[in-house]
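Listing of my_file_26.cif; format and content: mmCIF, C-alpha atoms.
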```
data_data
#
loop_
_atom_site.label_atom_id
_atom_site.label_comp_id
_atom_site.auth_asym_id
_atom_site.auth_seq_id
_atom_site.Cartn_x
_atom_site.Cartn_y
_atom_site.Cartn_z
CA MET A 500 -12.26 29.22 -2.93
CA ARG A 501 -8.74 30.38 -2.11
CA ALA A 502 -9.83 31.31 1.45
CA ALA A 503 -11.63 28.00 1.89
CA SER A 504 -8.57 26.07 0.73
CA SER A 505 -6.46 27.88 3.32
CA ASP A 506 -8.98 27.00 6.01
CA LEU A 507 -8.80 23.35 4.97
CA ARG A 508 -5.01 23.21 4.75
CA THR A 509 -4.59 24.37 8.35
CA PRO A 510 -6.26 21.37 10.05
CA LEU A 511 -4.62 19.01 7.58
CA GLY A 512 -1.25 20.47 8.52
CA THR A 513 -2.09 19.86 12.16
CA ILE A 514 -2.95 16.23 11.41
CA ARG A 515 0.30 15.73 9.52
CA THR A 516 2.32 17.29 12.34
CA GLY A 517 0.56 15.06 14.86
CA GLY A 518 1.50 12.02 12.80
CA GLU A 519 5.13 13.12 12.70
CA VAL A 520 5.18 13.53 16.50
CA LEU A 521 3.67 10.09 17.01
CA ARG A 522 6.27 8.61 14.68
CA MET A 523 9.02 9.87 16.99
CA LEU A 524 7.51 8.08 19.97
CA ASP A 525 8.32 4.50 20.91
CA LEU A 526 4.97 3.13 19.80
CA PRO A 527 4.25 -0.61 19.55
CA GLU A 528 4.90 -1.92 16.04
CA ARG A 529 1.22 -2.75 15.51
CA TYR A 530 0.41 0.99 15.48
CA ARG A 531 2.96 1.89 12.81
CA PRO A 532 0.66 1.13 9.83
CA LEU A 533 -1.83 3.65 11.20
CA LEU A 534 0.74 6.42 10.79
CA GLY A 535 1.13 5.51 7.13
CA ASN A 536 -2.65 5.67 6.75
CA ILE A 537 -2.65 9.17 8.28
CA ASP A 538 0.02 10.34 5.82
CA ARG A 539 -1.77 8.88 2.79
CA ALA A 540 -5.16 10.28 3.82
CA THR A 541 -3.64 13.73 4.35
CA ASP A 542 -1.90 13.59 0.97
CA ARG A 543 -5.16 12.64 -0.77
CA ALA A 544 -7.03 15.48 0.91
CA LEU A 545 -4.35 18.02 -0.05
CA ALA A 546 -4.34 16.73 -3.63
CA LEU A 547 -8.11 17.14 -3.81
CA ILE A 548 -7.83 20.74 -2.57
CA ASN A 549 -5.21 21.47 -5.25
CA ASP A 550 -7.39 19.91 -7.95
CA LEU A 551 -10.40 21.99 -6.90
CA LEU A 552 -8.28 25.15 -6.96
CA ASP A 553 -7.08 24.33 -10.47
CA LEU A 554 -10.67 23.74 -11.59
CA THR A 555 -11.73 27.08 -10.12
CA ARG A 556 -8.91 28.94 -11.89
CA SER A 557 -9.83 27.27 -15.16
CA ARG A 558 -13.50 28.19 -14.79
CA LEU A 559 -12.46 31.78 -14.11
CA GLY A 560 -10.46 31.79 -17.34
CA GLN A 561 -7.09 32.04 -15.59
CA GLY A 562 -5.72 28.77 -16.94
CA MET A 563 -3.15 26.62 -15.21
CA ALA A 564 0.01 28.40 -14.10
CA ILE A 565 3.30 26.59 -14.73
CA THR A 566 6.94 27.45 -14.14
CA ARG A 567 9.20 26.01 -16.82
CA GLN A 568 12.77 25.10 -16.01
CA PRO A 569 15.37 22.70 -17.43
CA ILE A 570 14.76 19.25 -15.94
CA ASP A 571 15.53 15.62 -16.53
CA LEU A 572 12.13 14.16 -17.35
CA HIS A 573 13.18 10.67 -16.27
CA ASP A 574 14.41 11.82 -12.86
CA THR A 575 11.23 13.83 -12.29
CA VAL A 576 9.02 10.87 -13.13
CA ALA A 577 11.19 8.43 -11.16
CA ALA A 578 10.91 10.55 -8.01
CA GLN A 579 7.13 10.58 -8.28
CA VAL A 580 6.98 6.84 -8.97
CA ALA A 581 9.05 6.21 -5.83
CA GLU A 582 6.55 8.18 -3.75
CA LEU A 583 3.60 6.43 -5.37
CA SER A 584 5.13 3.02 -4.69
CA GLN A 585 5.06 3.89 -0.99
CA ALA A 586 1.51 5.27 -1.21
CA TYR A 587 0.30 2.11 -3.00
CA PRO A 588 2.39 -0.72 -1.52
CA GLU A 589 0.01 -3.32 -2.96
CA ALA A 590 0.62 -2.12 -6.54
CA ARG A 591 3.45 -3.02 -8.92
CA ILE A 592 4.54 0.28 -10.48
CA GLU A 593 7.26 0.01 -13.12
CA HIS A 594 9.11 2.93 -14.73
CA LEU A 595 10.68 2.70 -18.20
CA ARG A 596 12.84 5.43 -19.78
CA GLN A 597 13.30 6.34 -23.43
CA GLY A 598 15.52 9.11 -24.81
CA ASP A 599 17.90 11.46 -23.02
CA GLY A 600 15.29 13.03 -20.73
CA HIS A 601 16.19 16.67 -21.50
CA CYS A 602 13.13 18.85 -21.13
CA GLU A 603 11.92 22.30 -20.12
CA ALA A 604 8.84 21.88 -17.98
CA ASP A 605 7.30 22.40 -14.57
CA PRO A 606 8.47 19.44 -12.43
CA VAL A 607 5.78 19.99 -9.78
CA ARG A 608 2.99 19.92 -12.36
CA LEU A 609 4.46 16.87 -14.07
CA GLY A 610 4.57 15.15 -10.70
CA GLN A 611 0.90 16.00 -10.27
CA LEU A 612 0.19 14.56 -13.72
CA VAL A 613 2.00 11.30 -12.98
CA GLY A 614 0.30 11.01 -9.60
CA ASN A 615 -3.17 11.40 -11.09
CA LEU A 616 -2.54 8.91 -13.88
CA VAL A 617 -1.03 6.29 -11.61
CA SER A 618 -3.78 6.70 -9.01
CA ASN A 619 -6.31 6.21 -11.80
CA ALA A 620 -4.48 3.11 -13.07
CA VAL A 621 -4.29 1.57 -9.60
CA ALA A 622 -8.00 2.20 -9.02
CA TYR A 623 -9.13 0.73 -12.35
CA GLY A 624 -6.39 -1.76 -13.19
CA ARG A 625 -6.49 -5.48 -12.67
CA PRO A 626 -5.16 -6.31 -9.17
CA GLY A 627 -1.69 -7.85 -9.31
CA ALA A 628 -0.96 -6.62 -12.84
CA PRO A 629 1.78 -3.99 -13.22
CA VAL A 630 1.14 -0.31 -13.77
CA VAL A 631 3.76 0.71 -16.33
CA VAL A 632 4.93 4.33 -16.47
CA VAL A 633 7.03 5.34 -19.50
CA SER A 634 8.82 8.68 -19.77
CA THR A 635 10.06 9.58 -23.26
CA SER A 636 12.10 12.50 -24.60
CA ILE A 637 12.78 11.92 -28.29
CA ASP A 638 12.76 14.11 -31.44
CA GLY A 639 11.62 17.30 -29.74
CA GLU A 640 8.69 15.81 -27.86
CA CYS A 641 8.25 14.64 -24.28
CA THR A 642 5.60 12.10 -23.39
CA ILE A 643 4.52 10.44 -20.19
CA SER A 644 2.37 7.35 -20.53
CA VAL A 645 0.73 5.12 -17.94
CA HIS A 646 -0.60 1.69 -18.86
CA ASN A 647 -2.72 -0.73 -16.87
CA GLU A 648 -4.45 -4.01 -17.58
CA GLY A 649 -8.11 -4.62 -16.80
CA GLU A 650 -11.56 -3.94 -18.19
CA PRO A 651 -11.45 -1.43 -21.07
CA ILE A 652 -13.08 1.97 -20.82
CA PRO A 653 -16.36 1.97 -22.79
CA GLU A 654 -15.81 3.69 -26.12
CA ALA A 655 -18.83 5.92 -25.57
CA LEU A 656 -17.15 7.43 -22.50
CA GLN A 657 -13.63 7.85 -23.82
CA GLY A 658 -14.30 11.22 -25.44
CA SER A 659 -15.50 12.81 -22.18
CA LEU A 660 -13.06 11.41 -19.61
CA PHE A 661 -10.89 14.53 -19.64
CA GLN A 662 -13.86 16.66 -18.61
CA PRO A 663 -14.25 17.55 -14.91
CA MET A 664 -16.46 15.39 -12.69
CA VAL A 665 -16.57 12.54 -15.23
CA ARG A 666 -15.87 8.93 -14.25
CA GLY A 667 -15.64 5.95 -16.53
CA THR A 668 -17.05 3.40 -14.08
CA ASP A 669 -17.89 2.92 -10.42
CA VAL A 670 -15.15 0.31 -10.02
CA GLY A 671 -12.63 1.48 -7.45
CA ALA A 672 -14.78 4.47 -6.47
CA ALA A 673 -13.69 4.18 -2.86
CA THR A 674 -10.09 4.96 -3.82
CA ARG A 675 -10.69 7.86 -6.19
CA SER A 676 -11.39 11.55 -5.84
CA VAL A 677 -14.37 13.45 -7.23
CA GLY A 678 -13.41 12.99 -10.87
CA LEU A 679 -10.88 15.74 -11.48
CA GLY A 680 -7.74 13.66 -11.95
CA LEU A 681 -7.85 13.20 -15.71
CA TYR A 682 -9.08 16.75 -16.23
CA ILE A 683 -5.99 18.01 -14.39
CA VAL A 684 -3.79 15.71 -16.48
CA ASP A 685 -5.09 17.29 -19.68
CA GLU A 686 -4.77 20.79 -18.24
CA VAL A 687 -1.12 20.17 -17.29
CA ALA A 688 -0.38 18.88 -20.80
CA ARG A 689 -2.15 21.85 -22.41
CA ALA A 690 -0.32 24.34 -20.19
CA HIS A 691 2.91 22.86 -21.62
CA GLY A 692 1.66 23.27 -25.19
CA GLY A 693 0.50 19.68 -25.63
CA ALA A 694 -2.50 17.46 -24.92
CA ALA A 695 -3.53 14.18 -23.36
CA ARG A 696 -5.04 11.18 -25.09
CA LEU A 697 -6.04 7.62 -24.31
CA ALA A 698 -6.41 4.21 -25.91
CA SER A 699 -8.33 1.38 -24.28
CA SER A 700 -9.25 -2.10 -25.45
CA THR A 701 -9.66 -5.60 -24.09
CA ALA A 702 -6.58 -6.84 -25.95
CA GLU A 703 -4.21 -3.96 -25.20
CA GLY A 704 -5.42 -2.66 -21.84
CA THR A 705 -5.70 1.06 -21.09
CA GLU A 706 -3.02 3.66 -21.73
CA PHE A 707 -3.12 7.39 -21.04
CA VAL A 708 -0.49 9.55 -22.73
CA ALA A 709 0.38 13.19 -22.11
CA GLY A 710 2.67 14.76 -24.70
CA PHE A 711 4.18 18.21 -25.15
CA PRO A 712 7.14 19.89 -26.90
CA VAL A 713 10.54 19.60 -25.26
CA ASN A 714 10.71 23.41 -24.96
#
```
Kindly return the structure encoded in the file as structure tokens.
Amino acid sequence: MRAASSDLRTPLGTIRTGGEVLRMLDLPERYRPLLGNIDRATDRALALINDLLDLTRSRLGQGMAITRQPIDLHDTVAAQVAELSQAYPEARIEHLRQGDGHCEADPVRLGQLVGNLVSNAVAYGRPGAPVVVVSTSIDGECTISVHNEGEPIPEALQGSLFQPMVRGTDVGAATRSVGLGLYIVDEVARAHGGAARLASSTAEGTEFVAGFPVN
């Protein structure tokens, strides 16, 4: 799998470089949106490769590797939200902060976690309704939650959504990956000594929460 991922990354890198070269040219304005599509498609493909690698490591019993370091949880989440707002210009993504943000964690993995949860919320959420991301660092625990409005997840499926290759519904299938996003979210939380959970209802909408100790 590692060799295959390298083989896949090479052409994707070529595509990304080609997009960067085209961006430097004096192209007509009507072609500019195509460059954004190239960037987003490349990012999605690379994210899928990373998710498949993480699944392979987990199946081999290696677990998810993380590198802890002192970070500001709020800044880490805010940076990812800014990128996601560009990737999903049609979505309203709001970020709320609670607590001082001090945390020891892997910022790259937390960015991956936020990206997967927000992508899931955009795919399933009610169009036009905000996707609310809340980062919290209070009383020795860090949590990252993502809330969206829309149809609730059937209760019978809620217990299996953090398993690989599981999807809650076919709605928004064209925008999602192969069903590893929530599995990776739970793996990131577990690697930090925590876990992920969800609550979903017609009245309250759907909220995924990943929590772990501050250090």
Using the chain letters and residue numbers of this document, give as a list in words the residues selected by the PyMOL selection byres ((chain A and resi 701) around 9).
->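 Those residues are Glu648, Gly649, Glu650, Pro651, Ile652, Ser699, Ser700, Ala702, Glu703, Gly704 and Thr705 of chain A.
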I need the chosen residues saved as a short mmCIF file (atom, residue, chain, number, x, y, z; two decimals), in the coordinates of the input, with C-alpha atoms.
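Saved file result_7.cif follows:
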```cif
data_model
loop_
_atom_site.label_atom_id
_atom_site.label_comp_id
_atom_site.auth_asym_id
_atom_site.auth_seq_id
_atom_site.Cartn_x
_atom_site.Cartn_y
_atom_site.Cartn_z
CA GLU A 648 -4.45 -4.01 -17.58
CA GLY A 649 -8.11 -4.62 -16.80
CA GLU A 650 -11.56 -3.94 -18.19
CA PRO A 651 -11.45 -1.43 -21.07
CA ILE A 652 -13.08 1.97 -20.82
CA SER A 699 -8.33 1.38 -24.28
CA SER A 700 -9.25 -2.10 -25.45
CA ALA A 702 -6.58 -6.84 -25.95
CA GLU A 703 -4.21 -3.96 -25.20
CA GLY A 704 -5.42 -2.66 -21.84
CA THR A 705 -5.70 1.06 -21.09
#
```
Could you expand the PyMOL selection byres ((chain A and resi 534-543) around 12) into the explicit residues it covers here, written as a VMD selection string?
-> chain A and resid 507 to 524 526 to 533 544 to 550 582 to 588 611 614 to 615 618 674 to 677 680
With the cut-off set at 12 Å and counting all atoms listed in the file, tabulate each residue of range 518-578 of chain A with an atom at most that distance from an atom of range 589-602 of chain A, showing the nearest atom pair and its distance in Å to one decimal, ordered by chain and increasing number, as CSV.
```
residue,atom,partner,partner_atom,distance
A:Arg567,CA,A:Cys602,CA,9.2
A:Gln568,CA,A:Cys602,CA,8.1
A:Pro569,CA,A:Cys602,CA,5.8
A:Ile570,CA,A:Cys602,CA,5.5
A:Asp571,CA,A:Gly600,CA,4.9
A:Leu572,CA,A:Gly600,CA,4.8
A:His573,CA,A:Gly600,CA,5.5
A:Asp574,CA,A:Gly600,CA,8.0
A:Thr575,CA,A:Gly600,CA,9.4
A:Val576,CA,A:His594,CA,8.1
A:Ala577,CA,A:His594,CA,6.9
A:Ala578,CA,A:His594,CA,10.3
```
How many Å separate CA of Phe707 in chain A from CA of Thr642 in chain A?
->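 Computed distance, CA of Phe707 in chain A to CA of Thr642 in chain A, equals 10.2 Å.
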Quote the spacing between CA of Pro629 in chain A and CA of Val580 in chain A in Å to one decimal place.
->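 Interatomic distance, CA of Pro629 in chain A to CA of Val580 in chain A: 12.7 Å.
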